[in-house]
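Accompanying notes for the structure given below.
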Amino acid sequence: MPFSAQQPPASGERYALSASLDNARHLSSLLRAVHFQDHATCLATASGLRVTVEDAKCIQANAFIQAEIFQEFSVQEESVMFRINLSVLLDCLTIFGTSSLPGTSTALRMCYQGYGYPLMLFLEEGGVVTVCKINTQEPDELLDFDFCSTKVVNKIILQSEGLREAFAELDMTSEVLQITMSPDKPYFRLSTFGNAGSAHMDYPRDSDLMEAFHCNQTQTNRYKISLLKPSTKALALSCKVSIRTDAQGFLSLQYMIRNEDGQICFVEYYCCPDENITEAEL
Amino acid sequence: LSRIGDELYLEPTESGLSLRAVNSSRSGFASFLFAPLFFQLYEPGSAGPDTELFRCKVHMKSFLGIFRSLPSLEKSVGKCLILLKPRASRLVLQLHCKYGVTKTHNLAFQECERLQAVFDTRSCASHLCAPARVLAEAVVHFPLTLAEVTLGTGPGGKISLRNYVEDEAGESCRVRGPLPTSACPPARHPSRLPPPEPSKTMVTELWLAEDEFQSVAVAPGSHITFCLKEFRGLLSFAEASNLPLSIHFDEPGRPVIFTLDDTVLEVHLVLATLSDLESNSQSPSTNGVSRLPAPSDDFADDLESYMAAMETSEGGSERAPSPTFSLRACRPAESKPEEEEE
């Protein structure tokens, strides 16, 4: 959508990254799903934008917005990467408010000149334009969970509806969330061990919620609940989630999110198992 | 029950599952008895010759946390299984939800003695019965923060409700005494504080006509003052289940008993009432019954002795003895045989 008011600098200048999006919510809602730390690392390639947030060297969340979602998306070099304050970025993207009235949307144009330059955002709604300049920083080295599909031991795909309540009601007095995946009973079990006692959620393999069930080995892994709790946001937005573990017990959660226009985006969470392994209470 | 106490007592009996709570000052007690027919399956376990049916208490918050969202429960939960596993020290609550999902909660519990307040609706002088809605609509006129309310009988069979006015400093000039145990019903003794200034407090009084009640059998000129907050909890339950509420009361100082009755549920709420400032009454059961001394202003010491008496009273029946019985009939089974021939 062309801006009649303040235009971004003339097309003579080359931007490392330049993108336009008719509805900024397509970006902001996805970023919220990974917003559990103030800072994020952005990576832009020809395929799209990836925003990564990490914590405690144990958990990593990635939000993927493919180039096809944008009305315009161009990256000059092979890839462009910078670190940015995600809280500030989200505040700017939602500067016209967060309520989503039908028919109104904030249009976004994003420009980044390159290393050392700030990220420029031009946001327009109802004829009002806001210009934001957010400083960028040296990107951090990101964790590599080395998680690929060939190393997956157990995998299930569930309809998010079934897990939403479970995650929203997780007993936060428990330090860990224990995940059991097995070809035998209980098939898929989420357990917490809190002050009141233990709680288990069991999902049978033949449940209507289960879209795919490929468990080869019985695995029980524990993850710090405080690290996984933020994934509830991604779960709330998604329609399906795939849960995979590898031989080391690393967990991959992939959320399929359908935006307002019916386009598909993905958010994924990777988490290391908790070091203190003790006998699981069943 | 959570409006009364922080702990939920579970007692399976032959006549059903009893859930009970008591407040911290032991001046409020409530029990819900669910008959076996309420359940699809009810197995209280078997009591041996030397053992009783197992009972326990759990933290109210932990228990309620399992049933957090009522609307979603109604939509998604098919049935609930409750198992008491003494050997594993766990109370198991299992919710069978839609899509085949099972939620299992293993709650830690504490063993406990039988929790029972002694009361007898038959020995009350006054009885009222009204649809819960009538009382709910009456009580709505009082502020939510109001601690106590006075229920009274007036001319023409009218029933009044009036907010109880506390002293100016905002402190209650009453000390909440514990409820009667098999020892004796203690009255709550007011401390000698000046009466509140009438001009500075708002008084709300409303009158209900006799015909609003399903039954009225009251001693004329009687009145009692009890804790409204604790009563509200029962009232919401009564309204939601559309059951008539019965109120049994006697002289000020003697507990007021609220009951709800249904084919599969029996509810009792027993609240201590304020004793009359003017009547300067000692414990009302002055009819030659030997008893423990009435509580003095040394509140804490007496509370402990009453609590001890309550916790060890086993085999006490649901009904209090009428004042003509000797106290000894209520003693625990260990009493010597000759003393029981009273």
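Identifiers in the structure tokens: chain A, B, ... in order shown; residue index from 1 per chain; ligand index from 1 in order shown.
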
Residues of chain A no more than 8 Å from chain B, counting only C-alpha atoms: send them over as a list of chain:residue names. A:Ala196, A:Gly197, A:Ser198, A:Ala199, A:His200, A:Met201, A:Asp202, A:Tyr203, A:Pro204, A:Ser207, A:Asp208, A:Leu209

Let's see if you can do this: from backbone DSSP, list all strand (DSSP E or B) residues in stretch 172-211 of chain A, as an MDAnalysis selection string. chainID A and resid 176:181 188:193 197:203 210:211

Got a sec: who's within 6 Å of stretch 258-269 of chain B, counting only C-alpha atoms, leaving out chain neighbours fewer than 5 positions off, as a compact mmCIF listing (two decimals) with C-alpha atoms, in the first residue's frame?
# COMPACT_ATOMS: atom_id res chain seq x y z
CA PHE B 29 -18.68 -25.66 60.45
CA ALA B 30 -20.17 -27.02 57.25
CA SER B 31 -20.78 -30.47 55.93
CA PHE B 32 -22.03 -31.86 52.64
CA LEU B 33 -23.18 -35.44 52.69
CA PHE B 34 -23.54 -37.04 49.27
CA ALA B 35 -25.64 -40.19 49.43
CA PHE B 38 -25.45 -39.42 43.98
CA LEU B 245 -33.05 -23.39 52.87
CA SER B 246 -34.02 -24.16 56.44
CA ILE B 247 -32.82 -22.07 59.35

Who sits within 12 Å of A:Asp146, only C-alpha atoms, same chain under 4 positions skipped, as an MDAnalysis selection string: chainID A and resid 142 150:152 245:248 250:252 270:272

So that I can check the surroundings of A:Glu275, please list as a PyMOL selection string every protein, DNA and RNA residue that reaches within 12 Å of it, counting only C-alpha atoms and ignoring chain neighbours fewer than 2 positions away. chain A and resi 58+176+221-224+248-250+271-273+277-278

Report, in Å to a single decimal, how far apart atom CA of B:Ala130 and atom CA of B:Pro255 are.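 Atom CA of B:Ala130 lies at a distance of 19.1 Å from atom CA of B:Pro255.
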
Please provide as a list in words all residues within 7 Å of stretch 29-41 of chain A, with the sequence filter that same-chain residues fewer than 4 positions apart are discarded (counting only C-alpha atoms).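 Everything that qualifies: Arg25, Val51, Thr52, Val53, Ala61, Asn62, Ala63, Phe82, Arg83, Ile84, Asn85, Leu86, Ser87, Pro139, Pro230, Lys233 and Ala234 of chain A.
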
Export N, CA, C and O atoms of the chosen residues as a PDB file, in the first residue's frame?
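Result file is again.pdb:
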ATOM      1  N   ARG A  25      -0.343  -7.144  11.826  1.00  0.00           N
ATOM      2  CA  ARG A  25      -0.694  -8.198  12.785  1.00  0.00           C
ATOM      3  C   ARG A  25      -0.144  -9.554  12.357  1.00  0.00           C
ATOM      4  O   ARG A  25       0.125 -10.408  13.196  1.00  0.00           O
ATOM      5  N   VAL A  51      12.773 -15.021  13.341  1.00  0.00           N
ATOM      6  CA  VAL A  51      13.068 -14.288  14.578  1.00  0.00           C
ATOM      7  C   VAL A  51      13.292 -15.306  15.678  1.00  0.00           C
ATOM      8  O   VAL A  51      12.439 -16.161  15.927  1.00  0.00           O
ATOM      9  N   THR A  52      14.464 -15.238  16.311  1.00  0.00           N
ATOM     10  CA  THR A  52      14.851 -16.238  17.304  1.00  0.00           C
ATOM     11  C   THR A  52      15.003 -15.617  18.687  1.00  0.00           C
ATOM     12  O   THR A  52      15.616 -14.570  18.841  1.00  0.00           O
ATOM     13  N   VAL A  53      14.455 -16.302  19.688  1.00  0.00           N
ATOM     14  CA  VAL A  53      14.587 -15.867  21.083  1.00  0.00           C
ATOM     15  C   VAL A  53      15.128 -17.051  21.869  1.00  0.00           C
ATOM     16  O   VAL A  53      14.694 -18.189  21.649  1.00  0.00           O
ATOM     17  N   ALA A  61      13.274 -20.387  20.696  1.00  0.00           N
ATOM     18  CA  ALA A  61      12.018 -20.312  19.962  1.00  0.00           C
ATOM     19  C   ALA A  61      12.262 -19.555  18.672  1.00  0.00           C
ATOM     20  O   ALA A  61      13.005 -18.571  18.657  1.00  0.00           O
ATOM     21  N   ASN A  62      11.663 -20.024  17.602  1.00  0.00           N
ATOM     22  CA  ASN A  62      11.809 -19.385  16.293  1.00  0.00           C
ATOM     23  C   ASN A  62      10.446 -19.104  15.706  1.00  0.00           C
ATOM     24  O   ASN A  62       9.586 -19.983  15.693  1.00  0.00           O
ATOM     25  N   ALA A  63      10.279 -17.882  15.195  1.00  0.00           N
ATOM     26  CA  ALA A  63       9.054 -17.552  14.474  1.00  0.00           C
ATOM     27  C   ALA A  63       9.451 -17.369  13.017  1.00  0.00           C
ATOM     28  O   ALA A  63      10.408 -16.645  12.719  1.00  0.00           O
ATOM     29  N   PHE A  82      20.627  -9.422  12.495  1.00  0.00           N
ATOM     30  CA  PHE A  82      20.879  -8.429  13.535  1.00  0.00           C
ATOM     31  C   PHE A  82      20.103  -8.794  14.789  1.00  0.00           C
ATOM     32  O   PHE A  82      19.142  -9.559  14.755  1.00  0.00           O
ATOM     33  N   ARG A  83      20.559  -8.210  15.882  1.00  0.00           N
ATOM     34  CA  ARG A  83      19.898  -8.425  17.170  1.00  0.00           C
ATOM     35  C   ARG A  83      19.105  -7.153  17.472  1.00  0.00           C
ATOM     36  O   ARG A  83      19.557  -6.047  17.188  1.00  0.00           O
ATOM     37  N   ILE A  84      17.923  -7.350  18.035  1.00  0.00           N
ATOM     38  CA  ILE A  84      17.065  -6.184  18.253  1.00  0.00           C
ATOM     39  C   ILE A  84      16.243  -6.387  19.520  1.00  0.00           C
ATOM     40  O   ILE A  84      16.023  -7.522  19.948  1.00  0.00           O
ATOM     41  N   ASN A  85      15.796  -5.284  20.114  1.00  0.00           N
ATOM     42  CA  ASN A  85      14.942  -5.377  21.296  1.00  0.00           C
ATOM     43  C   ASN A  85      13.533  -5.740  20.843  1.00  0.00           C
ATOM     44  O   ASN A  85      12.833  -4.930  20.220  1.00  0.00           O
ATOM     45  N   LEU A  86      13.129  -6.953  21.146  1.00  0.00           N
ATOM     46  CA  LEU A  86      11.845  -7.461  20.666  1.00  0.00           C
ATOM     47  C   LEU A  86      10.657  -6.749  21.323  1.00  0.00           C
ATOM     48  O   LEU A  86       9.612  -6.548  20.703  1.00  0.00           O
ATOM     49  N   SER A  87      10.845  -6.377  22.603  1.00  0.00           N
ATOM     50  CA  SER A  87       9.749  -5.668  23.294  1.00  0.00           C
ATOM     51  C   SER A  87       9.466  -4.352  22.597  1.00  0.00           C
ATOM     52  O   SER A  87       8.307  -3.985  22.376  1.00  0.00           O
ATOM     53  N   PRO A 139      24.570  -9.493  16.296  1.00  0.00           N
ATOM     54  CA  PRO A 139      23.787 -10.706  16.602  1.00  0.00           C
ATOM     55  C   PRO A 139      24.569 -11.674  17.483  1.00  0.00           C
ATOM     56  O   PRO A 139      25.786 -11.789  17.364  1.00  0.00           O
ATOM     57  N   PRO A 230       6.154 -20.354  28.339  1.00  0.00           N
ATOM     58  CA  PRO A 230       5.869 -19.343  27.299  1.00  0.00           C
ATOM     59  C   PRO A 230       5.340 -19.932  25.996  1.00  0.00           C
ATOM     60  O   PRO A 230       4.709 -19.226  25.213  1.00  0.00           O
ATOM     61  N   LYS A 233       1.692 -19.455  24.517  1.00  0.00           N
ATOM     62  CA  LYS A 233       1.211 -18.416  23.603  1.00  0.00           C
ATOM     63  C   LYS A 233       1.150 -18.931  22.178  1.00  0.00           C
ATOM     64  O   LYS A 233       0.214 -18.665  21.435  1.00  0.00           O
ATOM     65  N   ALA A 234       2.186 -19.653  21.786  1.00  0.00           N
ATOM     66  CA  ALA A 234       2.219 -20.200  20.433  1.00  0.00           C
ATOM     67  C   ALA A 234       1.116 -21.239  20.281  1.00  0.00           C
ATOM     68  O   ALA A 234       0.459 -21.326  19.241  1.00  0.00           O
TER      69      ALA A 234
END

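Atom CA of B:Met202 sits 29.0 Å away from atom CA of B:Val216.
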
Show which residues sit within 7 Å of B:Arg55, as JSON, numbers by chain. Count only C-alpha atoms, and ignore same-chain residues fewer than 3 positions away. {"B": [10, 11, 12, 111, 112]}

Generate a file of the selected residues that holds all heavy atoms, formatted as a short mmCIF file (atom, residue, chain, number, x, y, z; two decimals), in the first residue's frame.
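Output below, filename again_0.cif:
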data_model
loop_
_atom_site.label_atom_id
_atom_site.label_comp_id
_atom_site.auth_asym_id
_atom_site.auth_seq_id
_atom_site.Cartn_x
_atom_site.Cartn_y
_atom_site.Cartn_z
N LEU B 10 -12.43 -35.14 54.14
CA LEU B 10 -13.21 -36.14 53.39
C LEU B 10 -13.46 -37.33 54.29
O LEU B 10 -12.51 -37.92 54.82
CB LEU B 10 -12.43 -36.62 52.16
CG LEU B 10 -12.31 -35.64 51.03
CD1 LEU B 10 -10.89 -35.16 50.92
CD2 LEU B 10 -12.74 -36.27 49.74
N GLU B 11 -14.70 -37.67 54.45
CA GLU B 11 -15.01 -38.81 55.29
C GLU B 11 -16.01 -39.71 54.59
O GLU B 11 -17.19 -39.36 54.46
CB GLU B 11 -15.57 -38.31 56.62
CG GLU B 11 -15.76 -39.45 57.59
CD GLU B 11 -16.04 -38.97 59.00
OE1 GLU B 11 -15.74 -37.81 59.33
OE2 GLU B 11 -16.57 -39.76 59.78
N PRO B 12 -15.53 -40.86 54.10
CA PRO B 12 -16.49 -41.80 53.50
C PRO B 12 -17.24 -42.51 54.63
O PRO B 12 -16.62 -42.95 55.60
CB PRO B 12 -15.59 -42.77 52.73
CG PRO B 12 -14.19 -42.46 53.10
CD PRO B 12 -14.16 -41.36 54.09
N GLU B 111 -3.86 -37.44 57.48
CA GLU B 111 -4.88 -38.15 58.25
C GLU B 111 -5.43 -37.19 59.28
O GLU B 111 -4.76 -36.26 59.69
CB GLU B 111 -4.25 -39.35 58.96
CG GLU B 111 -3.97 -40.47 57.99
CD GLU B 111 -3.54 -41.73 58.72
OE1 GLU B 111 -4.11 -42.01 59.78
OE2 GLU B 111 -2.64 -42.40 58.21
N CYS B 112 -6.65 -37.43 59.68
CA CYS B 112 -7.22 -36.51 60.65
C CYS B 112 -8.25 -37.22 61.50
O CYS B 112 -8.70 -38.31 61.17
CB CYS B 112 -7.89 -35.35 59.92
SG CYS B 112 -9.22 -35.88 58.86
#
